[in-house]
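S.K.: Supplied structure: upload.cif, mmCIF, C-alpha atoms and all ligand atoms.
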data_start
#
loop_
_atom_site.label_atom_id
_atom_site.label_comp_id
_atom_site.auth_asym_id
_atom_site.auth_seq_id
_atom_site.Cartn_x
_atom_site.Cartn_y
_atom_site.Cartn_z
CA MET A 1 -4.31 -28.39 7.04
CA ALA A 2 -6.75 -27.23 9.69
CA THR A 3 -8.45 -29.78 11.90
CA GLU A 4 -11.40 -29.07 14.19
CA THR A 5 -11.00 -30.99 17.43
CA SER A 6 -14.27 -31.32 19.33
CA GLY A 7 -15.27 -27.86 18.08
CA LYS A 8 -12.83 -26.11 20.43
CA THR A 9 -9.36 -25.67 19.04
CA THR A 10 -8.17 -25.36 15.51
CA GLU A 11 -4.74 -26.81 14.99
CA TYR A 12 -2.45 -26.41 12.06
CA GLU A 13 0.30 -28.68 10.99
CA ILE A 14 3.24 -26.34 10.59
CA PRO A 15 5.93 -27.45 8.14
CA LYS A 16 9.67 -26.97 8.80
CA THR A 17 10.14 -25.00 5.58
CA CYS A 18 7.94 -22.89 3.35
CA LYS A 19 8.11 -21.16 -0.02
CA ALA A 20 9.36 -17.61 -0.26
CA GLY A 21 10.17 -15.14 -3.02
CA VAL A 22 13.75 -14.05 -2.27
CA VAL A 23 15.85 -11.31 -3.84
CA VAL A 24 19.01 -12.38 -5.67
CA ASN A 25 21.72 -9.89 -6.59
CA GLU A 26 20.06 -7.02 -4.66
CA GLY A 27 20.65 -3.74 -6.50
CA PRO A 28 19.99 -2.39 -10.01
CA ASN A 29 20.14 -5.85 -11.64
CA PHE A 30 18.26 -7.84 -9.01
CA HIS A 31 15.95 -10.72 -9.74
CA LEU A 32 13.54 -12.74 -7.64
CA GLU A 33 13.57 -16.50 -7.10
CA VAL A 34 11.17 -18.78 -5.25
CA GLU A 35 13.03 -20.87 -2.65
CA ASP A 36 12.38 -23.01 0.39
CA VAL A 37 13.18 -21.17 3.62
CA PRO A 38 12.81 -22.16 7.28
CA VAL A 39 9.44 -21.42 8.91
CA PRO A 40 10.16 -18.98 11.75
CA GLU A 41 9.29 -19.68 15.38
CA PRO A 42 7.15 -16.99 17.08
CA GLY A 43 8.68 -15.13 20.04
CA PRO A 44 6.56 -14.77 23.20
CA ASN A 45 4.66 -11.72 21.84
CA ASP A 46 4.41 -12.77 18.18
CA VAL A 47 1.92 -14.63 16.06
CA LEU A 48 2.87 -16.85 13.15
CA ILE A 49 0.70 -16.16 10.10
CA LYS A 50 0.28 -18.51 7.15
CA LEU A 51 -0.38 -16.18 4.26
CA ASN A 52 -2.77 -17.09 1.47
CA ALA A 53 -2.05 -13.97 -0.59
CA THR A 54 0.43 -11.14 -0.90
CA GLY A 55 0.20 -8.02 -3.00
CA ILE A 56 3.25 -6.82 -4.93
CA CYS A 57 3.93 -3.16 -4.15
CA TYR A 58 6.37 -0.85 -5.89
CA SER A 59 8.08 -0.26 -2.53
CA ASP A 60 9.21 -3.90 -2.70
CA ILE A 61 10.93 -3.09 -5.99
CA HIS A 62 12.56 -0.02 -4.40
CA TYR A 63 13.90 -2.22 -1.59
CA MET A 64 15.27 -4.80 -4.03
CA LEU A 65 16.74 -2.14 -6.32
CA ASN A 66 18.03 -0.29 -3.26
CA ASP A 67 17.30 3.09 -4.91
CA LEU A 68 15.96 4.78 -1.75
CA PRO A 69 18.31 6.50 0.72
CA ILE A 70 17.85 3.75 3.31
CA PRO A 71 19.96 0.69 4.26
CA LYS A 72 19.68 -2.41 2.09
CA MET A 73 17.54 -5.42 3.01
CA SER A 74 20.69 -7.52 3.36
CA VAL A 75 21.93 -5.20 6.16
CA PHE A 76 19.09 -6.69 8.22
CA GLY A 77 19.61 -10.21 6.89
CA VAL A 78 16.28 -10.02 5.04
CA ARG A 79 15.79 -11.61 1.61
CA SER A 80 11.99 -11.49 1.23
CA PRO A 81 10.29 -8.12 0.72
CA GLY A 82 6.51 -7.72 0.92
CA HIS A 83 4.16 -5.92 3.25
CA GLU A 84 0.63 -6.58 2.12
CA GLY A 85 -0.20 -10.12 3.13
CA ALA A 86 -3.39 -11.80 4.24
CA GLY A 87 -3.89 -15.20 5.80
CA VAL A 88 -4.58 -17.05 8.99
CA ILE A 89 -2.87 -17.28 12.37
CA VAL A 90 -1.41 -20.76 12.83
CA LYS A 91 0.64 -20.38 16.03
CA LEU A 92 0.71 -18.03 19.02
CA GLY A 93 3.67 -16.88 21.12
CA SER A 94 3.46 -17.92 24.76
CA HIS A 95 2.27 -14.47 26.00
CA VAL A 96 -0.30 -13.81 23.28
CA LYS A 97 -3.85 -13.44 24.58
CA ASN A 98 -5.64 -11.27 22.00
CA TRP A 99 -5.59 -13.77 19.10
CA LYS A 100 -6.70 -17.34 18.50
CA VAL A 101 -5.22 -19.87 16.14
CA GLY A 102 -7.47 -19.80 13.08
CA ASP A 103 -8.14 -16.03 13.22
CA ARG A 104 -7.71 -14.21 9.92
CA ALA A 105 -4.93 -11.63 9.99
CA GLY A 106 -2.95 -9.30 7.77
CA ILE A 107 0.56 -7.92 7.36
CA LYS A 108 1.00 -4.19 6.68
CA PRO A 109 4.13 -2.08 6.01
CA ALA A 110 4.89 -1.02 9.60
CA TYR A 111 5.98 -4.04 11.66
CA ASP A 112 5.48 -2.62 15.16
CA ALA A 113 5.86 0.56 17.23
CA CYS A 114 6.87 1.43 20.80
CA PHE A 115 3.39 2.49 22.04
CA ASN A 116 5.15 4.68 24.57
CA CYS A 117 5.77 7.98 22.75
CA GLU A 118 3.79 11.01 21.61
CA LEU A 119 3.59 9.72 18.02
CA CYS A 120 2.23 6.37 19.14
CA TRP A 121 -0.27 8.06 21.46
CA THR A 122 -1.60 10.28 18.68
CA GLY A 123 -2.17 7.68 15.98
CA LYS A 124 1.10 8.50 14.19
CA GLU A 125 2.83 5.31 15.24
CA THR A 126 4.09 4.64 11.72
CA TYR A 127 6.49 7.58 12.28
CA CYS A 128 7.66 6.23 15.66
CA GLU A 129 11.43 5.78 15.86
CA GLU A 130 10.80 2.20 16.88
CA SER A 131 8.55 1.39 13.94
CA PRO A 132 10.53 -0.87 11.60
CA GLN A 133 9.37 -1.88 8.12
CA ILE A 134 8.42 -5.45 7.38
CA GLY A 135 9.97 -6.66 4.13
CA LEU A 136 13.03 -4.52 4.83
CA GLN A 137 14.02 -4.99 8.47
CA PHE A 138 11.99 -8.18 8.99
CA PRO A 139 11.15 -10.94 6.47
CA GLY A 140 8.13 -9.81 4.50
CA SER A 141 4.98 -11.19 2.94
CA TYR A 142 6.76 -12.80 -0.04
CA GLN A 143 7.41 -15.54 2.52
CA GLN A 144 4.37 -17.71 3.18
CA TYR A 145 4.87 -18.15 6.93
CA VAL A 146 5.68 -14.82 8.58
CA LEU A 147 5.92 -13.45 12.08
CA SER A 148 4.02 -10.41 13.29
CA PRO A 149 3.89 -8.79 16.75
CA ALA A 150 0.47 -9.71 18.15
CA ARG A 151 -0.27 -6.12 19.19
CA TYR A 152 0.42 -4.77 15.72
CA THR A 153 -1.34 -7.41 13.62
CA SER A 154 -4.51 -6.39 11.78
CA LYS A 155 -7.75 -8.34 11.91
CA ILE A 156 -9.40 -9.02 8.56
CA PRO A 157 -13.15 -8.46 8.78
CA GLU A 158 -15.73 -10.93 7.56
CA GLY A 159 -16.74 -10.50 3.94
CA VAL A 160 -13.26 -9.34 2.86
CA ASP A 161 -11.37 -12.15 1.13
CA ASP A 162 -7.57 -12.47 1.29
CA PHE A 163 -6.98 -11.23 -2.26
CA THR A 164 -8.91 -8.07 -1.40
CA ALA A 165 -7.42 -7.66 2.07
CA GLY A 166 -3.78 -8.04 0.95
CA PRO A 167 -3.54 -4.92 -1.21
CA ILE A 168 -5.59 -2.90 1.27
CA MET A 169 -2.95 -3.52 3.96
CA CYS A 170 -0.59 -1.15 2.13
CA SER A 171 -2.16 0.70 -0.80
CA GLY A 172 -5.68 1.02 0.61
CA SER A 173 -4.66 2.14 4.08
CA THR A 174 -1.93 4.43 2.72
CA ILE A 175 -4.33 6.36 0.54
CA TYR A 176 -7.02 6.39 3.23
CA CYS A 177 -4.45 8.02 5.54
CA SER A 178 -3.64 10.66 2.92
CA LEU A 179 -7.30 11.43 2.21
CA LYS A 180 -7.95 11.81 5.93
CA GLU A 181 -4.97 14.13 6.45
CA SER A 182 -5.83 16.24 3.40
CA GLY A 183 -8.87 17.62 5.21
CA LEU A 184 -10.84 17.62 1.95
CA LYS A 185 -14.60 17.72 2.36
CA PRO A 186 -17.52 16.18 0.49
CA GLY A 187 -18.00 18.03 -2.78
CA ASP A 188 -14.33 19.00 -3.05
CA TRP A 189 -12.33 18.10 -6.16
CA ALA A 190 -9.75 15.35 -5.56
CA VAL A 191 -7.31 14.69 -8.39
CA PHE A 192 -5.24 11.51 -8.59
CA PRO A 193 -2.12 11.50 -10.79
CA GLY A 194 -1.52 7.74 -11.10
CA ALA A 195 -5.25 7.03 -10.67
CA GLY A 196 -5.12 3.68 -12.46
CA GLY A 197 -2.24 2.29 -10.39
CA GLY A 198 -2.21 0.15 -7.26
CA VAL A 199 -2.62 3.01 -4.77
CA GLY A 200 -4.46 5.43 -7.06
CA HIS A 201 -7.34 3.15 -7.99
CA MET A 202 -8.14 2.61 -4.34
CA GLY A 203 -7.91 6.34 -3.66
CA VAL A 204 -10.46 6.97 -6.39
CA GLN A 205 -12.93 4.61 -4.71
CA ILE A 206 -12.44 5.85 -1.15
CA ALA A 207 -12.59 9.52 -2.24
CA LYS A 208 -15.79 8.82 -4.12
CA ALA A 209 -17.24 7.03 -1.06
CA MET A 210 -16.30 10.10 1.03
CA GLY A 211 -18.34 12.28 -1.30
CA MET A 212 -15.50 13.97 -3.16
CA ARG A 213 -15.54 14.71 -6.88
CA VAL A 214 -12.77 12.62 -8.38
CA VAL A 215 -10.57 13.24 -11.42
CA GLY A 216 -8.19 10.53 -12.61
CA VAL A 217 -4.90 11.31 -14.34
CA ASP A 218 -3.06 8.43 -16.02
CA GLY A 219 -2.02 7.13 -19.44
CA GLY A 220 -3.82 4.81 -21.88
CA ASP A 221 -7.32 3.50 -22.54
CA ALA A 222 -7.16 0.59 -20.06
CA LYS A 223 -6.48 3.03 -17.21
CA LYS A 224 -9.16 5.39 -18.49
CA GLU A 225 -11.77 2.63 -18.56
CA LEU A 226 -10.77 1.50 -15.04
CA CYS A 227 -10.86 5.02 -13.59
CA LEU A 228 -14.25 5.91 -15.03
CA ARG A 229 -15.66 2.56 -13.88
CA LEU A 230 -14.40 3.12 -10.33
CA GLY A 231 -15.98 6.53 -9.94
CA CYS A 232 -13.88 9.23 -11.62
CA GLU A 233 -16.07 12.02 -12.98
CA ALA A 234 -13.41 12.86 -15.53
CA PHE A 235 -10.15 11.40 -16.78
CA VAL A 236 -7.12 13.17 -18.20
CA ASP A 237 -4.83 11.04 -20.38
CA PHE A 238 -1.34 12.48 -20.02
CA THR A 239 -0.30 10.81 -23.27
CA LYS A 240 -2.93 12.75 -25.19
CA VAL A 241 -3.04 16.31 -23.85
CA GLU A 242 -0.54 19.11 -24.09
CA SER A 243 -0.90 20.28 -20.48
CA VAL A 244 -2.37 17.94 -17.87
CA ALA A 245 -2.61 20.78 -15.36
CA ASP A 246 -4.60 23.00 -17.75
CA GLU A 247 -7.05 20.16 -18.38
CA VAL A 248 -7.45 19.48 -14.66
CA VAL A 249 -8.09 23.16 -13.92
CA LYS A 250 -10.69 23.29 -16.70
CA ILE A 251 -12.53 20.28 -15.26
CA CYS A 252 -12.40 21.59 -11.68
CA ASP A 253 -14.62 24.67 -12.23
CA GLY A 254 -11.83 26.49 -14.05
CA LYS A 255 -10.19 27.01 -10.63
CA GLY A 256 -8.30 23.80 -9.98
CA ALA A 257 -8.42 20.97 -7.46
CA HIS A 258 -8.89 21.24 -3.71
CA GLY A 259 -6.41 18.39 -3.38
CA VAL A 260 -3.96 16.61 -5.67
CA PHE A 261 -3.01 13.14 -4.44
CA VAL A 262 0.25 12.28 -6.16
CA THR A 263 0.39 8.51 -6.21
CA ALA A 264 2.53 8.53 -9.36
CA THR A 265 6.28 8.37 -8.81
CA SER A 266 7.54 10.55 -11.64
CA GLY A 267 9.20 13.92 -11.24
CA GLY A 268 6.75 15.28 -13.81
CA ALA A 269 3.71 14.29 -11.76
CA TYR A 270 5.09 16.11 -8.72
CA ALA A 271 6.12 19.15 -10.78
CA SER A 272 2.67 19.69 -12.27
CA ALA A 273 0.68 19.16 -9.03
CA PRO A 274 0.95 22.80 -7.81
CA MET A 275 -0.41 24.03 -11.17
CA MET A 276 -3.46 21.75 -10.75
CA CYS A 277 -4.39 23.29 -7.39
CA ARG A 278 -6.83 26.09 -6.71
CA ILE A 279 -6.19 28.70 -3.99
CA SER A 280 -5.48 26.89 -0.68
CA GLY A 281 -5.08 23.59 -2.54
CA ARG A 282 -3.26 20.66 -0.99
CA ILE A 283 -0.49 18.74 -2.69
CA MET A 284 -0.54 15.33 -1.04
CA CYS A 285 2.73 13.41 -1.48
CA ILE A 286 2.27 9.63 -1.52
CA GLY A 287 4.22 8.03 -4.42
CA LEU A 288 7.91 7.44 -3.74
CA PRO A 289 10.18 8.46 -6.64
CA PRO A 290 13.78 7.18 -6.63
CA ALA A 291 15.94 9.43 -4.42
CA GLY A 292 16.78 12.79 -6.02
CA THR A 293 14.51 12.42 -9.05
CA ALA A 294 11.54 14.57 -8.01
CA PHE A 295 10.65 17.66 -6.02
CA ALA A 296 7.36 18.44 -4.25
CA GLY A 297 6.41 22.11 -4.15
CA ALA A 298 6.94 25.12 -6.38
CA ASP A 299 8.44 28.59 -6.68
CA PRO A 300 7.67 30.42 -3.41
CA LEU A 301 5.88 33.10 -5.44
CA LEU A 302 3.32 30.48 -6.49
CA MET A 303 3.18 28.86 -3.03
CA VAL A 304 2.51 32.24 -1.42
CA GLY A 305 0.20 33.55 -4.12
CA LYS A 306 -1.99 30.45 -4.00
CA ASN A 307 -1.72 29.62 -0.27
CA LEU A 308 -0.62 26.10 -1.23
CA HIS A 309 0.02 23.30 1.23
CA VAL A 310 2.41 20.42 0.63
CA ILE A 311 1.74 17.46 2.89
CA GLY A 312 3.48 14.09 2.91
CA THR A 313 1.89 11.02 4.44
CA LYS A 314 3.52 7.63 4.89
CA VAL A 315 1.69 4.34 5.30
CA GLY A 316 -1.57 3.77 7.15
CA SER A 317 -1.64 3.39 10.93
CA LEU A 318 -3.39 0.53 12.74
CA LEU A 319 -6.54 2.65 12.74
CA ASP A 320 -6.21 3.65 9.07
CA THR A 321 -5.84 -0.01 8.09
CA ASP A 322 -8.92 -0.93 10.08
CA LYS A 323 -10.89 1.91 8.47
CA ALA A 324 -9.78 0.99 4.95
CA LEU A 325 -10.78 -2.65 5.54
CA GLU A 326 -14.16 -1.39 6.74
CA PHE A 327 -14.71 0.38 3.39
CA ALA A 328 -14.04 -2.98 1.73
CA ALA A 329 -16.37 -4.87 4.08
CA ARG A 330 -19.11 -2.36 3.19
CA GLY A 331 -18.51 -3.00 -0.53
CA LEU A 332 -17.21 0.54 -1.15
CA LEU A 333 -13.61 -0.47 -1.86
CA LYS A 334 -12.79 -3.28 -4.27
CA PRO A 335 -9.14 -3.58 -5.23
CA ILE A 336 -8.73 -4.54 -8.86
CA TYR A 337 -6.08 -7.24 -9.09
CA GLU A 338 -4.52 -9.84 -11.29
CA VAL A 339 -3.60 -13.10 -9.55
CA PHE A 340 -0.27 -14.85 -10.16
CA PRO A 341 0.46 -18.36 -8.87
CA LEU A 342 3.37 -18.61 -6.44
CA ALA A 343 5.73 -20.04 -9.07
CA LYS A 344 5.17 -16.92 -11.17
CA MET A 345 5.97 -14.44 -8.39
CA PRO A 346 9.22 -13.46 -10.19
CA GLU A 347 7.17 -12.70 -13.31
CA ALA A 348 4.76 -10.54 -11.33
CA VAL A 349 7.67 -8.55 -9.89
CA LYS A 350 9.14 -8.03 -13.37
CA LYS A 351 5.77 -6.92 -14.69
CA LEU A 352 5.33 -4.29 -11.98
CA GLN A 353 8.90 -3.13 -12.41
CA GLY A 354 8.15 -2.61 -16.10
CA GLY A 355 5.27 -0.32 -15.09
CA ASN A 356 1.87 0.09 -16.66
CA VAL A 357 -0.01 -2.27 -14.35
CA ALA A 358 -3.70 -1.39 -13.97
CA GLY A 359 -4.64 -2.06 -10.34
CA ARG A 360 -2.61 -4.50 -8.27
CA LEU A 361 -0.73 -7.77 -8.81
CA VAL A 362 -1.44 -10.36 -6.13
CA VAL A 363 0.31 -13.71 -5.59
CA ASP A 364 -1.71 -16.78 -4.57
CA PHE A 365 0.39 -18.92 -2.20
CA ASN A 366 -1.93 -21.89 -2.70
CA SER A 367 -1.67 -22.28 -6.47
ZN ZN B 401 3.37 -0.84 -0.30
ZN ZN B 402 6.41 5.23 19.59
#
Please go through the file and, once you have read it, give me the structure as structure tokens.
M.R.:
Amino acid sequence: MATETSGKTTEYEIPKTCKAGVVVNEGPNFHLEVEDVPVPEPGPNDVLIKLNATGICYSDIHYMLNDLPIPKMSVFGVRSPGHEGAGVIVKLGSHVKNWKVGDRAGIKPAYDACFNCELCWTGKETYCEESPQIGLQFPGSYQQYVLSPARYTSKIPEGVDDFTAGPIMCSGSTIYCSLKESGLKPGDWAVFPGAGGGVGHMGVQIAKAMGMRVVGVDGGDAKKELCLRLGCEAFVDFTKVESVADEVVKICDGKGAHGVFVTATSGGAYASAPMMCRISGRIMCIGLPPAGTAFAGADPLLMVGKNLHVIGTKVGSLLDTDKALEFAARGLLKPIYEVFPLAKMPEAVKKLQGGNVAGRLVVDFNS
């Protein structure tokens, strides 16, 4: 509990242990359990954050399934995934000057960076060799009390609640980064395969706010309703049409999209993206399919003939996260989410693993 002492310092009683969703039997048959784990002690340059909310991202499932060509969580001694948390700073490391106890703060996928290389100097710090992933190399936001390097912690602006901020830390900033790097301009057609999903539905809103003309591609009436409500001019239901690409081209002036933002993770979504593009179109790779199950690009004859660009972008940088939160503070980005109480975190993970979640699943640590 927070206590105001003579209006100056806010102090928090920090427990010895806290609740955490931990992976059991990491691999294809994993499951999640909620356990008590020790509350970590901040190093000199860290802050300790007490999270109120964490989003559940498909990357967490990848880490627990271990179906990406990267080392397992257990190699790093980590049992809790999660990288989209929001809460309040409850303790500062001895050298920390830029934060106060009581400040609102968020956890995003990249844990830190070196700040001493060309990538870090050019706003590409998420690609820095010294940029580890939280929830893989460090305990993630499925754990209520988490550490974060003070210099790489994100401030949550006023007017953005924790349930909104959590999912923006990963999905919102990731898709903002992709939209920025696509170079698309106001009035251009932006198509989102996976538009009703966690990342896609935020892309739809940011693209709309940037003045783009947005087409959603997804399956089912719930996703259709969501996409049209969030600003899609048109929706293509892949369960109902013979060729998604043909439909997209028809909608986009008969020429195709200026940019296709593949937030879906299926091989099919990646395979049809080049056919959706007009001349000089951009295929933006965002969704992470299991290793070896998808290919981004096309026959060189098509790539050459249409002057196509294939561009991959990872997660949002410090700046991207700040910008995405700003869209939310201005009321232009509202993540759609379903809240699960902490005890039902395993259920939330199962639900996302099963697919077909409209928007985001968020866990409330206080219920
Ligand atoms: Zn994520
Ligand atoms: Zn660096």
S.K.: Which residue gives the smallest distance to Asn116 of chain A among A:Ser131, A:Gly166, A:Val34, A:Leu65, with all atoms listed in the file counted?
M.R.: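 Looking at the shortest contact to Asn116 of chain A, the residue is A:Ser131.
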S.K.: Please identify the residues whose atoms come within 7 Å of ligand ZN 402 (chain B), using only C-alpha atoms and all ligand atoms, and report them as a ChimeraX atom specification.
M.R.: /A:113-120,125,128-130
S.K.: Write out, as a tab-separated table, each residue of chain A that has an atom at most 6 Å from ligand ZN 401 (chain B), together with the closest pair of atoms and their distance in Å to one decimal, counting all atoms listed in the file, rows going by chain and rising number.
M.R.:
residue	atom	partner	partner_atom	distance
A:Cys57	CA	B:ZN401	ZN	4.5
A:Ser59	CA	B:ZN401	ZN	5.2
A:Cys170	CA	B:ZN401	ZN	4.7
A:Ser171	CA	B:ZN401	ZN	5.8
S.K.: Is there a way to get, as a ChimeraX atom specification, all residues within 8 Å of the point (-5.9, 20.4, 1.9) in file coordinates, counting all atoms listed in the file?
M.R.: /A:181-184,258-259,280-284,309
S.K.: Would you list the contacts of Gly82 of chain A as a VMD selection string, taking every protein, DNA or RNA residue within 12 Å and counting only C-alpha atoms, but skipping same-chain residues closer than 6 positions in sequence?
M.R.: chain A and resid 20 to 23 51 53 to 64 73 106 to 111 133 to 144 146 166 to 167 169 to 170 345 349 362 to 363
S.K.: What's around segment 187-194 of chain A at 8 Å? Count only C-alpha atoms, leave out sequence neighbours fewer than 4 positions away in its own chain, and write the answer as a PyMOL selection string.
M.R.: chain A and resi 199-200+203-204+207+211-218+248+252+256-264+269
S.K.: Find the spatial neighbours of Ile89 of chain A, counting only C-alpha atoms, within a cut-off of 10 Å - ignore same-chain residues fewer than 3 positions away - and output them as a PDB file with C-alpha atoms, keeping the file's coordinate frame.
M.R.:
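Final output, saved to out_34.pdb:
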ATOM      1  CA  TYR A  12      -2.450 -26.410  12.060  1.00  0.00           C
ATOM      2  CA  VAL A  47       1.920 -14.630  16.060  1.00  0.00           C
ATOM      3  CA  LEU A  48       2.870 -16.850  13.150  1.00  0.00           C
ATOM      4  CA  ILE A  49       0.700 -16.160  10.100  1.00  0.00           C
ATOM      5  CA  LYS A  50       0.280 -18.510   7.150  1.00  0.00           C
ATOM      6  CA  LEU A  51      -0.380 -16.180   4.260  1.00  0.00           C
ATOM      7  CA  ALA A  86      -3.390 -11.800   4.240  1.00  0.00           C
ATOM      8  CA  LEU A  92       0.710 -18.030  19.020  1.00  0.00           C
ATOM      9  CA  TRP A  99      -5.590 -13.770  19.100  1.00  0.00           C
ATOM     10  CA  LYS A 100      -6.700 -17.340  18.500  1.00  0.00           C
ATOM     11  CA  VAL A 101      -5.220 -19.870  16.140  1.00  0.00           C
ATOM     12  CA  GLY A 102      -7.470 -19.800  13.080  1.00  0.00           C
ATOM     13  CA  ASP A 103      -8.140 -16.030  13.220  1.00  0.00           C
ATOM     14  CA  ARG A 104      -7.710 -14.210   9.920  1.00  0.00           C
ATOM     15  CA  ALA A 105      -4.930 -11.630   9.990  1.00  0.00           C
ATOM     16  CA  GLY A 106      -2.950  -9.300   7.770  1.00  0.00           C
ATOM     17  CA  TYR A 145       4.870 -18.150   6.930  1.00  0.00           C
ATOM     18  CA  VAL A 146       5.680 -14.820   8.580  1.00  0.00           C
ATOM     19  CA  LEU A 147       5.920 -13.450  12.080  1.00  0.00           C
ATOM     20  CA  SER A 148       4.020 -10.410  13.290  1.00  0.00           C
TER      21      SER A 148
END
S.K.: To one decimal place, how far is atom CA of Phe365 of chain A from atom CA of Val160 of chain A in Å?
M.R.: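 It comes out at 17.4 Å.
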S.K.: Check the smallest atom-to-atom distance from each of A:Ile206, A:Val24, A:Leu361, A:Ala324 to Arg79 of chain A using only C-alpha atoms, then report the winner.
M.R.: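 Checking each of A:Ile206, A:Val24, A:Leu361, A:Ala324 against Arg79 of chain A, counting only C-alpha atoms, the winner is A:Val24.
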S.K.: Distance atom CA of Leu301 of chain A-atom CA of Lys185 of chain A, one decimal place?
M.R.: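 For atom CA of Leu301 of chain A relative to atom CA of Lys185 of chain A, the distance reads 26.8 Å.
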